[in-house]
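J.: Here you go, this is protein_6.cif (mmCIF, C-alpha atoms and all ligand atoms).
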data_entry
loop_
_atom_site.group_PDB
_atom_site.id
_atom_site.type_symbol
_atom_site.label_atom_id
_atom_site.label_comp_id
_atom_site.auth_asym_id
_atom_site.auth_seq_id
_atom_site.Cartn_x
_atom_site.Cartn_y
_atom_site.Cartn_z
ATOM 1 C CA MET P 200 35.963 -63.175 -35.861
ATOM 2 C CA LEU P 201 39.691 -63.462 -35.234
ATOM 3 C CA ILE P 202 41.472 -66.348 -36.908
ATOM 4 C CA THR P 203 44.979 -67.489 -36.001
ATOM 5 C CA GLY P 204 46.808 -69.555 -38.624
ATOM 6 C CA MET P 205 44.711 -68.194 -41.502
ATOM 7 C CA SER P 206 47.519 -68.792 -44.030
ATOM 8 C CA GLY P 207 47.448 -72.541 -43.330
ATOM 9 C CA PHE P 208 45.497 -75.282 -45.100
ATOM 10 C CA LEU P 209 42.263 -75.009 -43.109
ATOM 11 C CA GLY P 210 42.508 -71.225 -42.785
ATOM 12 C CA GLN P 211 42.554 -70.858 -46.570
ATOM 13 C CA HIS P 212 39.213 -72.662 -46.714
ATOM 14 C CA LEU P 213 37.741 -70.370 -44.073
ATOM 15 C CA ILE P 214 38.207 -67.020 -45.831
ATOM 16 C CA GLU P 215 35.360 -67.086 -48.358
ATOM 17 C CA PRO P 216 32.660 -68.808 -46.247
ATOM 18 C CA SER P 217 33.247 -66.475 -43.295
ATOM 19 C CA GLU P 218 32.896 -63.467 -45.598
ATOM 20 C CA VAL P 219 29.675 -64.959 -47.011
ATOM 21 C CA ALA P 220 28.443 -65.442 -43.443
ATOM 22 C CA GLU P 221 29.207 -61.734 -42.991
ATOM 23 C CA TRP P 222 31.746 -62.173 -40.248
ATOM 24 C CA GLU P 223 34.134 -59.259 -39.990
ATOM 25 C CA LEU P 224 37.499 -60.996 -40.206
ATOM 26 C CA LEU P 225 40.712 -60.274 -38.365
ATOM 27 C CA SER P 226 43.390 -62.652 -39.597
ATOM 28 C CA PRO P 227 46.798 -61.505 -38.416
ATOM 29 C CA THR P 228 49.796 -63.293 -39.900
ATOM 30 C CA LYS P 229 52.294 -64.950 -37.594
ATOM 31 C CA GLY P 230 54.477 -61.844 -38.031
ATOM 32 C CA LEU P 231 51.708 -59.683 -36.570
ATOM 33 C CA LEU P 232 50.483 -62.076 -33.892
ATOM 34 C CA ASP P 233 52.843 -64.854 -32.915
ATOM 35 C CA VAL P 234 50.786 -66.975 -30.523
ATOM 36 C CA THR P 235 53.869 -67.760 -28.431
ATOM 37 C CA ASP P 236 54.225 -64.051 -27.592
ATOM 38 C CA ARG P 237 52.052 -64.030 -24.478
ATOM 39 C CA PRO P 238 51.924 -60.273 -23.718
ATOM 40 C CA ARG P 239 51.154 -59.453 -27.348
ATOM 41 C CA VAL P 240 48.426 -62.088 -27.584
ATOM 42 C CA LEU P 241 46.749 -60.707 -24.470
ATOM 43 C CA ASP P 242 47.195 -57.088 -25.509
ATOM 44 C CA GLN P 243 45.837 -57.621 -29.053
ATOM 45 C CA MET P 244 42.947 -59.787 -27.968
ATOM 46 C CA VAL P 245 41.788 -57.358 -25.299
ATOM 47 C CA SER P 246 42.056 -54.383 -27.656
ATOM 48 C CA TRP P 247 40.336 -56.186 -30.578
ATOM 49 C CA THR P 248 37.701 -58.008 -28.445
ATOM 50 C CA PRO P 249 36.471 -60.273 -31.259
ATOM 51 C CA ASN P 250 33.167 -62.107 -30.693
ATOM 52 C CA VAL P 251 34.804 -65.352 -31.723
ATOM 53 C CA VAL P 252 38.407 -66.560 -31.951
ATOM 54 C CA VAL P 253 39.108 -69.507 -34.248
ATOM 55 C CA HIS P 254 42.503 -70.844 -33.225
ATOM 56 C CA LEU P 255 44.140 -72.748 -36.079
ATOM 57 C CA ALA P 256 47.791 -71.742 -35.559
ATOM 58 C CA ASN P 257 49.804 -74.930 -35.394
ATOM 59 C CA ARG P 258 53.306 -76.302 -35.911
ATOM 60 C CA ARG P 259 53.490 -80.058 -35.744
ATOM 61 C CA ASP P 260 57.056 -80.145 -34.444
ATOM 62 C CA ASP P 261 56.788 -77.319 -31.946
ATOM 63 C CA ARG P 262 55.480 -77.868 -28.440
ATOM 64 C CA GLU P 263 55.688 -74.167 -27.633
ATOM 65 C CA THR P 264 53.312 -73.176 -30.454
ATOM 66 C CA ILE P 265 50.878 -75.984 -29.715
ATOM 67 C CA VAL P 266 50.753 -76.043 -25.914
ATOM 68 C CA ASP P 267 51.927 -72.612 -24.731
ATOM 69 C CA GLY P 268 50.507 -70.725 -27.731
ATOM 70 C CA THR P 269 47.101 -72.333 -27.261
ATOM 71 C CA ARG P 270 47.157 -71.553 -23.540
ATOM 72 C CA TYR P 271 47.942 -67.893 -24.218
ATOM 73 C CA VAL P 272 45.206 -67.657 -26.854
ATOM 74 C CA ALA P 273 42.686 -69.372 -24.550
ATOM 75 C CA GLU P 274 43.523 -67.162 -21.563
ATOM 76 C CA ALA P 275 43.407 -64.023 -23.703
ATOM 77 C CA ALA P 276 40.081 -65.053 -25.296
ATOM 78 C CA ALA P 277 38.636 -65.626 -21.814
ATOM 79 C CA ALA P 278 39.932 -62.214 -20.666
ATOM 80 C CA ALA P 279 38.418 -60.530 -23.750
ATOM 81 C CA GLY P 280 35.088 -62.350 -23.324
ATOM 82 C CA SER P 281 35.498 -63.975 -26.775
ATOM 83 C CA ARG P 282 34.148 -67.393 -27.670
ATOM 84 C CA LEU P 283 37.055 -69.691 -28.599
ATOM 85 C CA ILE P 284 36.966 -72.485 -31.156
ATOM 86 C CA PHE P 285 40.145 -74.576 -31.027
ATOM 87 C CA LEU P 286 40.956 -77.156 -33.682
ATOM 88 C CA SER P 287 42.359 -80.405 -32.366
ATOM 89 C CA THR P 288 43.072 -83.798 -33.828
ATOM 90 C CA ASP P 289 42.164 -87.495 -33.754
ATOM 91 C CA LEU P 290 45.845 -88.096 -32.953
ATOM 92 C CA VAL P 291 45.157 -87.347 -29.272
ATOM 93 C CA PHE P 292 44.196 -91.050 -29.279
ATOM 94 C CA ALA P 293 46.434 -94.118 -29.465
ATOM 95 C CA GLY P 294 44.134 -96.036 -31.811
ATOM 96 C CA ARG P 295 41.843 -99.046 -31.329
ATOM 97 C CA ASP P 296 39.088 -100.894 -33.201
ATOM 98 C CA ARG P 297 36.208 -99.140 -31.463
ATOM 99 C CA ALA P 298 35.314 -95.559 -32.397
ATOM 100 C CA TYR P 299 36.218 -92.797 -29.946
ATOM 101 C CA VAL P 300 33.556 -90.563 -28.423
ATOM 102 C CA GLU P 301 34.170 -87.147 -26.905
ATOM 103 C CA THR P 302 34.343 -88.470 -23.332
ATOM 104 C CA ASP P 303 37.155 -90.937 -24.089
ATOM 105 C CA GLN P 304 40.411 -89.894 -22.455
ATOM 106 C CA PRO P 305 43.292 -88.924 -24.757
ATOM 107 C CA ASP P 306 46.134 -91.460 -24.615
ATOM 108 C CA ALA P 307 48.420 -90.460 -27.479
ATOM 109 C CA PRO P 308 51.747 -92.265 -27.625
ATOM 110 C CA GLN P 309 53.317 -89.605 -29.875
ATOM 111 C CA PRO P 310 54.497 -86.097 -28.866
ATOM 112 C CA TYR P 311 52.224 -84.333 -31.387
ATOM 113 C CA GLY P 312 49.068 -85.982 -30.015
ATOM 114 C CA GLN P 313 50.253 -85.469 -26.427
ATOM 115 C CA TRP P 314 50.862 -81.769 -27.092
ATOM 116 C CA LYS P 315 47.453 -81.326 -28.708
ATOM 117 C CA ALA P 316 45.866 -83.070 -25.699
ATOM 118 C CA ALA P 317 47.761 -80.712 -23.361
ATOM 119 C CA ALA P 318 46.528 -77.780 -25.469
ATOM 120 C CA GLU P 319 42.952 -79.067 -25.118
ATOM 121 C CA GLN P 320 43.412 -79.113 -21.336
ATOM 122 C CA ALA P 321 44.731 -75.549 -21.409
ATOM 123 C CA VAL P 322 41.599 -74.468 -23.297
ATOM 124 C CA ALA P 323 39.354 -76.174 -20.749
ATOM 125 C CA ARG P 324 41.290 -74.645 -17.828
ATOM 126 C CA ALA P 325 41.216 -71.089 -19.233
ATOM 127 C CA GLY P 326 37.579 -70.962 -18.212
ATOM 128 C CA GLY P 327 36.068 -68.917 -21.052
ATOM 129 C CA ASN P 328 33.343 -69.951 -23.485
ATOM 130 C CA SER P 329 35.128 -72.510 -25.641
ATOM 131 C CA LEU P 330 34.686 -75.417 -27.997
ATOM 132 C CA ILE P 331 37.338 -77.941 -29.024
ATOM 133 C CA ILE P 332 36.672 -79.475 -32.437
ATOM 134 C CA ARG P 333 38.593 -82.694 -33.041
ATOM 135 C CA THR P 334 38.872 -83.640 -36.655
ATOM 136 C CA SER P 335 40.793 -86.151 -38.772
ATOM 137 C CA LEU P 336 42.818 -86.112 -42.009
ATOM 138 C CA LEU P 337 41.656 -83.140 -44.064
ATOM 139 C CA TYR P 338 41.561 -82.931 -47.849
ATOM 140 C CA GLY P 339 40.377 -80.255 -50.237
ATOM 141 C CA THR P 340 39.314 -79.486 -53.774
ATOM 142 C CA ASP P 341 40.684 -76.065 -54.725
ATOM 143 C CA HIS P 342 43.433 -76.240 -52.096
ATOM 144 C CA GLN P 343 45.055 -79.658 -51.948
ATOM 145 C CA ALA P 344 46.338 -81.173 -48.718
ATOM 146 C CA LEU P 345 49.899 -82.482 -48.512
ATOM 147 C CA PHE P 346 48.639 -86.091 -48.773
ATOM 148 C CA GLN P 347 46.866 -85.276 -52.063
ATOM 149 C CA ARG P 348 50.049 -83.699 -53.408
ATOM 150 C CA ASP P 349 51.984 -86.830 -52.328
ATOM 151 C CA VAL P 350 49.602 -88.975 -54.397
ATOM 152 C CA ALA P 351 50.026 -86.668 -57.413
ATOM 153 C CA ALA P 352 53.819 -86.903 -57.023
ATOM 154 C CA VAL P 353 53.704 -90.723 -57.013
ATOM 155 C CA VAL P 354 51.336 -90.788 -60.006
ATOM 156 C CA GLY P 355 53.662 -88.367 -61.820
ATOM 157 C CA GLY P 356 56.715 -90.524 -61.068
ATOM 158 C CA ARG P 357 58.299 -87.887 -58.832
ATOM 159 C CA SER P 358 58.104 -89.902 -55.612
ATOM 160 C CA ASP P 359 58.417 -93.540 -54.557
ATOM 161 C CA MET P 360 56.234 -93.137 -51.489
ATOM 162 C CA ARG P 361 54.089 -96.116 -50.476
ATOM 163 C CA PHE P 362 50.615 -95.864 -48.985
ATOM 164 C CA PHE P 363 49.709 -97.773 -45.845
ATOM 165 C CA THR P 364 46.967 -100.372 -45.941
ATOM 166 C CA ASP P 365 46.826 -100.591 -42.135
ATOM 167 C CA GLU P 366 46.440 -96.935 -41.125
ATOM 168 C CA PHE P 367 42.782 -95.918 -40.871
ATOM 169 C CA ARG P 368 41.327 -92.434 -40.343
ATOM 170 C CA CYS P 369 37.999 -90.687 -40.981
ATOM 171 C CA PRO P 370 38.993 -88.108 -43.621
ATOM 172 C CA ALA P 371 36.931 -84.953 -43.908
ATOM 173 C CA HIS P 372 36.661 -82.306 -46.608
ATOM 174 C CA ALA P 373 38.034 -79.003 -45.279
ATOM 175 C CA ASP P 374 34.906 -77.224 -46.591
ATOM 176 C CA ASP P 375 32.724 -79.374 -44.305
ATOM 177 C CA VAL P 376 34.860 -78.625 -41.253
ATOM 178 C CA VAL P 377 34.769 -74.929 -42.128
ATOM 179 C CA LYS P 378 30.958 -75.101 -42.357
ATOM 180 C CA ALA P 379 30.938 -76.651 -38.901
ATOM 181 C CA ILE P 380 33.210 -73.928 -37.510
ATOM 182 C CA ILE P 381 30.972 -71.187 -38.901
ATOM 183 C CA ALA P 382 27.776 -72.810 -37.632
ATOM 184 C CA LEU P 383 29.283 -73.414 -34.189
ATOM 185 C CA ALA P 384 30.718 -69.904 -33.933
ATOM 186 C CA ASP P 385 27.111 -68.810 -33.458
ATOM 187 C CA ARG P 386 26.322 -71.494 -30.859
ATOM 188 C CA PRO P 387 27.824 -70.390 -27.515
ATOM 189 C CA ASP P 388 25.636 -73.051 -25.899
ATOM 190 C CA VAL P 389 27.823 -75.743 -27.511
ATOM 191 C CA THR P 390 30.973 -76.104 -25.400
ATOM 192 C CA GLY P 391 33.499 -78.779 -24.442
ATOM 193 C CA VAL P 392 34.708 -81.235 -27.090
ATOM 194 C CA LEU P 393 33.014 -82.171 -30.364
ATOM 195 C CA HIS P 394 34.143 -84.700 -32.974
ATOM 196 C CA VAL P 395 33.684 -83.485 -36.561
ATOM 197 C CA ALA P 396 35.096 -86.029 -39.011
ATOM 198 C CA GLY P 397 34.218 -88.079 -42.062
ATOM 199 C CA PRO P 398 31.554 -90.795 -41.758
ATOM 200 C CA ARG P 399 33.781 -93.743 -42.718
ATOM 201 C CA ALA P 400 37.168 -95.115 -41.636
ATOM 202 C CA ILE P 401 39.393 -95.371 -44.712
ATOM 203 C CA SER P 402 42.947 -96.681 -44.993
ATOM 204 C CA ARG P 403 45.585 -94.341 -46.373
ATOM 205 C CA ALA P 404 46.003 -96.740 -49.304
ATOM 206 C CA GLU P 405 42.289 -96.584 -50.166
ATOM 207 C CA LEU P 406 42.303 -92.815 -49.746
ATOM 208 C CA ALA P 407 45.340 -92.502 -52.015
ATOM 209 C CA GLY P 408 43.494 -94.660 -54.580
ATOM 210 C CA ILE P 409 40.499 -92.311 -54.498
ATOM 211 C CA PHE P 410 42.753 -89.289 -55.092
ATOM 212 C CA ALA P 411 44.675 -91.135 -57.826
ATOM 213 C CA ALA P 412 41.432 -92.019 -59.654
ATOM 214 C CA GLN P 413 40.404 -88.377 -59.393
ATOM 215 C CA ILE P 414 43.453 -87.359 -61.438
ATOM 216 C CA GLY P 415 42.895 -90.133 -63.977
ATOM 217 C CA ALA P 416 45.371 -92.722 -62.653
ATOM 218 C CA ASP P 417 44.746 -96.389 -61.942
ATOM 219 C CA PRO P 418 44.442 -96.816 -58.156
ATOM 220 C CA LYS P 419 45.708 -100.403 -58.450
ATOM 221 C CA GLN P 420 49.079 -99.110 -59.668
ATOM 222 C CA LEU P 421 49.785 -97.246 -56.431
ATOM 223 C CA PRO P 422 52.525 -98.835 -54.313
ATOM 224 C CA THR P 423 51.339 -99.907 -50.875
ATOM 225 C CA SER P 424 52.981 -100.932 -47.636
ATOM 226 C CA THR P 425 52.074 -101.203 -43.989
ATOM 227 C CA SER P 426 52.955 -98.824 -41.226
ATOM 228 C CA ARG P 427 54.195 -101.856 -39.266
ATOM 229 C CA GLU P 428 56.614 -102.862 -42.054
ATOM 230 C CA SER P 429 57.862 -99.298 -42.334
ATOM 231 C CA GLY P 430 58.752 -99.277 -38.635
ATOM 232 C CA LEU P 431 56.778 -96.090 -38.050
ATOM 233 C CA ASP P 432 55.182 -95.996 -34.647
ATOM 234 C CA ARG P 433 51.850 -94.426 -35.588
ATOM 235 C CA PRO P 434 48.313 -95.188 -34.433
ATOM 236 C CA GLU P 435 46.804 -97.733 -36.823
ATOM 237 C CA LYS P 436 43.091 -97.157 -36.485
ATOM 238 C CA VAL P 437 41.646 -93.957 -35.098
ATOM 239 C CA VAL P 438 37.931 -93.568 -35.724
ATOM 240 C CA LEU P 439 36.135 -90.493 -34.444
ATOM 241 C CA ASP P 440 32.464 -90.988 -33.658
ATOM 242 C CA SER P 441 30.802 -87.801 -34.942
ATOM 243 C CA SER P 442 27.243 -88.656 -33.912
ATOM 244 C CA ALA P 443 27.053 -85.838 -31.332
ATOM 245 C CA ALA P 444 27.853 -83.367 -34.135
ATOM 246 C CA ALA P 445 25.218 -85.031 -36.340
ATOM 247 C CA ARG P 446 22.630 -84.399 -33.626
ATOM 248 C CA LEU P 447 23.485 -80.694 -33.979
ATOM 249 C CA GLY P 448 22.939 -80.913 -37.749
ATOM 250 C CA ILE P 449 26.685 -81.009 -38.531
ATOM 251 C CA HIS P 450 27.862 -83.553 -41.070
ATOM 252 C CA CYS P 451 30.962 -84.256 -43.111
ATOM 253 C CA ARG P 452 30.110 -85.756 -46.489
ATOM 254 C CA PRO P 453 31.385 -89.168 -47.584
ATOM 255 C CA ILE P 454 34.547 -88.592 -49.602
ATOM 256 C CA GLU P 455 33.074 -89.777 -52.912
ATOM 257 C CA GLU P 456 30.279 -87.202 -52.579
ATOM 258 C CA ALA P 457 32.568 -84.383 -51.390
ATOM 259 C CA LEU P 458 34.932 -84.853 -54.333
ATOM 260 C CA ARG P 459 32.069 -85.002 -56.850
ATOM 261 C CA ASN P 460 30.739 -81.560 -55.897
HETATM 262 N N1 LIG O 501 45.332 -80.545 -41.820
HETATM 263 C C1 LIG O 501 44.844 -81.620 -41.230
HETATM 264 O O1 LIG O 501 44.763 -82.720 -41.836
HETATM 265 C C2 LIG O 501 44.358 -81.541 -39.805
HETATM 266 C C3 LIG O 501 43.813 -82.701 -39.221
HETATM 267 C C4 LIG O 501 43.348 -82.643 -37.906
HETATM 268 C C5 LIG O 501 43.410 -81.452 -37.195
HETATM 269 N N2 LIG O 501 43.935 -80.341 -37.793
HETATM 270 C C6 LIG O 501 44.023 -79.115 -36.990
HETATM 271 O O2 LIG O 501 43.561 -77.998 -37.714
HETATM 272 C C7 LIG O 501 44.310 -76.837 -37.377
HETATM 273 C C8 LIG O 501 44.799 -76.163 -38.644
HETATM 274 O O3 LIG O 501 45.610 -77.099 -39.346
HETATM 275 P P1 LIG O 501 46.245 -76.741 -40.768
HETATM 276 O O4 LIG O 501 46.452 -78.031 -41.473
HETATM 277 O O5 LIG O 501 45.482 -75.646 -41.421
HETATM 278 O O6 LIG O 501 47.680 -76.197 -40.307
HETATM 279 P P2 LIG O 501 48.833 -75.631 -41.241
HETATM 280 O O7 LIG O 501 48.476 -75.717 -42.672
HETATM 281 O O8 LIG O 501 50.096 -76.275 -40.774
HETATM 282 O O9 LIG O 501 48.854 -74.076 -40.862
HETATM 283 C C9 LIG O 501 49.291 -73.656 -39.612
HETATM 284 C C10 LIG O 501 49.138 -72.170 -39.525
HETATM 285 O O10 LIG O 501 49.626 -71.748 -38.240
HETATM 286 C C11 LIG O 501 50.503 -70.642 -38.419
HETATM 287 N N3 LIG O 501 51.447 -70.599 -37.305
HETATM 288 C C12 LIG O 501 52.438 -71.465 -37.002
HETATM 289 N N4 LIG O 501 53.074 -71.083 -35.892
HETATM 290 C C13 LIG O 501 52.468 -69.941 -35.480
HETATM 291 C C14 LIG O 501 52.679 -69.050 -34.393
HETATM 292 N N5 LIG O 501 53.646 -69.263 -33.485
HETATM 293 N N6 LIG O 501 51.875 -67.968 -34.272
HETATM 294 C C15 LIG O 501 50.885 -67.726 -35.177
HETATM 295 N N7 LIG O 501 50.642 -68.521 -36.235
HETATM 296 C C16 LIG O 501 51.436 -69.625 -36.378
HETATM 297 C C17 LIG O 501 51.164 -70.903 -39.759
HETATM 298 O O11 LIG O 501 51.732 -69.706 -40.255
HETATM 299 P P3 LIG O 501 53.085 -69.759 -41.143
HETATM 300 O O12 LIG O 501 52.720 -70.551 -42.367
HETATM 301 O O13 LIG O 501 53.394 -68.338 -41.381
HETATM 302 O O14 LIG O 501 54.098 -70.491 -40.285
HETATM 303 C C18 LIG O 501 49.942 -71.380 -40.576
HETATM 304 O O15 LIG O 501 49.178 -70.275 -40.980
HETATM 305 C C19 LIG O 501 45.442 -77.315 -36.442
HETATM 306 O O16 LIG O 501 45.095 -77.033 -35.123
HETATM 307 C C20 LIG O 501 45.484 -78.822 -36.647
HETATM 308 O O17 LIG O 501 45.855 -79.513 -35.487
HETATM 309 C C21 LIG O 501 44.406 -80.351 -39.076
#
What does this structure look like when you write it as C-alpha cells?
T.:
Amino acid sequence: MLITGMSGFLGQHLIEPSEVAEWELLSPTKGLLDVTDRPRVLDQMVSWTPNVVVHLANRRDDRETIVDGTRYVAEAAAAAGSRLIFLSTDLVFAGRDRAYVETDQPDAPQPYGQWKAAAEQAVARAGGNSLIIRTSLLYGTDHQALFQRDVAAVVGGRSDMRFFTDEFRCPAHADDVVKAIIALADRPDVTGVLHVAGPRAISRAELAGIFAAQIGADPKQLPTSTSRESGLDRPEKVVLDSSAAARLGIHCRPIEEALRN
C-alpha cells in the first residue's frame, strides 16, 4: 500500500492499523514524492506498482497540490494497475438542511471545495479502479486535530476564539475513517463515491463543548458566535448521509462513544 501525505493528521492514524492488517507500507515524504511532480509520480508509481494507493496529500490553500497532484496520482495509479482511494471532503457541497447522498452534485461556493470537487472528477476520469471517500471534520484521541487544539487553547486562556452555533458537520473519529480505508482497500468491487462520516450533525459550538468537557472544563464557559456574525462565508449545514457505507458494514461511532474508548 502506498500512502501519500502520511505525515498529516489522517496519515498518522493509518500507520499502526495498516501494519496490523499486514499491508506492506510505502509512505514517501513530500521530499521523496511531491505529488505535483508529474514525471516523478508516474515513474515511482510504475516502478513500485503498489496494490493500493491511499492518496491523502493535501494543502488547503494550494490548487496545484489538490487538483493537479490528484490528477497525476490518479493517472499514475491507473497506469500501474493500482487501486486508488482518494480522500475528499463534505466541503464539496454548499450546505442545506437535507443530507447529501453520493449522487448529489458538488456545488461548493469556496475554492477549497471547488478544488476538491475538481480533484474528484480527475480521479473519475483517470479510468482506473478507484474509490473517493468523502468525510467530514475529523478528530482524534492520541493525535489531536487542530480544532481540538483550538478548544484547549481557549480553555487554557491562550486564545479568544469563538465557536459557531450555526455551522453543522458530521464529525468522525480518524480511527473510524482509517478502519474504513483499510476495509475498502480490499474491496475493488466498491468504486465511485462513498460518504463515510459521523452519524449526527453537530454544531462547532457543541463539538467544542464536548472537547472542553473531555479536558475537564465547563462547556458553558466557551465563547460562542455565529458564522454569519463573523462575516465568514462558509457553508452552514453540511450533512453527509453515510447509509451506503453502513450497508457495507462501515460505521463511524457517535462522538461520545468514540471519545470514551
Ligand atoms: N482533517 C480533516 O478534518 C479532513 C476532513 C475531511 C477530509 N479530509 C481529507 O483527508 C485527507 C487528509 O487530510 P489531513 O487532515 O490528514 O491533511 P494534513 O494533515 O493537512 O496533511 C496533508 C499531508 O499532505 C502532505 N503534502 C502536502 N503537499 C504535498 C505534496 N505536494 N506532495 C506530497 N505530499 C504533500 C503533507 O506533507 P507536509 O506536512 O510535509 O507538507 C501532509 O503529510 C485530505 O485529502 C483531506 O481533504 C480531512
J.: Extract, using only C-alpha atoms, all DNA, RNA and protein residues at most 6 Å from segment 337-349 of chain P, discarding same-chain residues fewer than 2 positions from it, and format them as a PyMOL selection string.
T.: chain P and resi 351-352+370-373
J.: Just say which residues the PyMOL selection byres (((chain P and resi 224-233) around 10) and not hetatm) picks in this file, as a VMD selection string.
T.: chain P and resid 200 to 206 210 214 217 to 218 221 to 223 234 to 237 239 to 240 243 to 244 247 249 251 to 253 256 264 268
J.: Have a look at P:Ser426, P:Ser287, P:Ser442, P:Asn328 and name the one nearest to ligand LIG 501 (chain O); count only C-alpha atoms and all ligand atoms.
T.: P:Ser287
J.: Point out the residue among P:Ile380, P:Ile265, P:Ala325, P:Ala443 with the least atom-to-atom distance to ligand LIG 501 (chain O), counting all atoms listed in the file.
T.: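 Smallest distance to ligand LIG 501 (chain O) is found for P:Ile265.
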J.: Given the PyMOL selection byres (((chain P and resi 308) around 6) and not hetatm) and the file above, list the residues it selects as a CSV table (one decimal) with C-alpha atoms, keeping the file's coordinate frame.
T.:
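Output below, filename part.csv:
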chain,number,residue,atom,x,y,z
P,293,ALA,CA,46.4,-94.1,-29.5
P,307,ALA,CA,48.4,-90.5,-27.5
P,309,GLN,CA,53.3,-89.6,-29.9
J.: Closest to ligand LIG 501 (chain O) among P:Ala396, P:Gly327, P:Ile381, P:Asp303, using only C-alpha atoms and all ligand atoms?
T.: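 Of P:Ala396, P:Gly327, P:Ile381, P:Asp303, the one nearest ligand LIG 501 (chain O) is P:Ala396, counting only C-alpha atoms and all ligand atoms.
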J.: Translate the PyMOL selection byres (((chain P and resi 310-323) around 10) and not hetatm), as applied to the file shown, into an explicit residue set as an MDAnalysis selection string.
T.: chainID P and resid 257:274 276:277 283:293 304:309 324:333 390:392
J.: Work out how far apart atom CA of His450 of chain P and atom CA of Ala411 of chain P are and give it in Å to one decimal.
T.: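 Taking atom CA of His450 of chain P as the start and atom CA of Ala411 of chain P as the end point, the length is 24.9 Å.
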J.: Could you give me the centre and size, in Å to one decimal, of an axis-aligned box around all listed atoms of segment 388-403 of chain P with 6 Å added on every side, as AutoDock Vina command-line options?
T.:
--center_x 35.6 --center_y -84.9 --center_z -35.4 --size_x 31.9 --size_y 35.6 --size_z 33.9
J.: Counting all atoms listed in the file, which of P:Asp365, P:Glu405, P:Asp359, P:Asp374 gets nearest to ligand LIG 501 (chain O)?
T.: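 Among the listed residues, P:Asp374 lies closest to ligand LIG 501 (chain O).
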J.: Atom CA of Glu215 of chain P to atom CA of Asp242 of chain P: how many Å, to one decimal?
T.: 27.6 Å
J.: Which one of P:Ala404, P:Ala384, P:Ile414, P:Leu439 sits closest to ligand LIG 501 (chain O) if you count only C-alpha atoms and all ligand atoms?
T.: P:Leu439
J.: For atom CA of Gly294 of chain P and atom CA of Val437 of chain P, quote the distance in Å rounded to one decimal.
T.: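 Straight-line distance from atom CA of Gly294 of chain P to atom CA of Val437 of chain P works out to 4.6 Å.
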J.: In terms of the shortest atom-to-atom distance over only C-alpha atoms and all ligand atoms, which of P:Val300, P:Val376, P:Ala279, P:Met360 is closest to ligand LIG 501 (chain O)?
T.: P:Val376
J.: Around the point (45.3, -98.7, -44.7) (coordinates from the file), which residues reach within 10 Å if we count all atoms listed in the file? Answer as number ranges by chain.
T.: P: 362-368, 400-407, 423-426, 435-436
J.: What residues have an atom no more than 8 Å from (29.9, -94.1, -39.6) in the file's own frame, counting all atoms listed in the file, and can you write them as a list in words?
T.: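 So the residues meeting the distance criterion are Gly397, Pro398, Arg399, Ala400, Asp440 and Ser441 of chain P.
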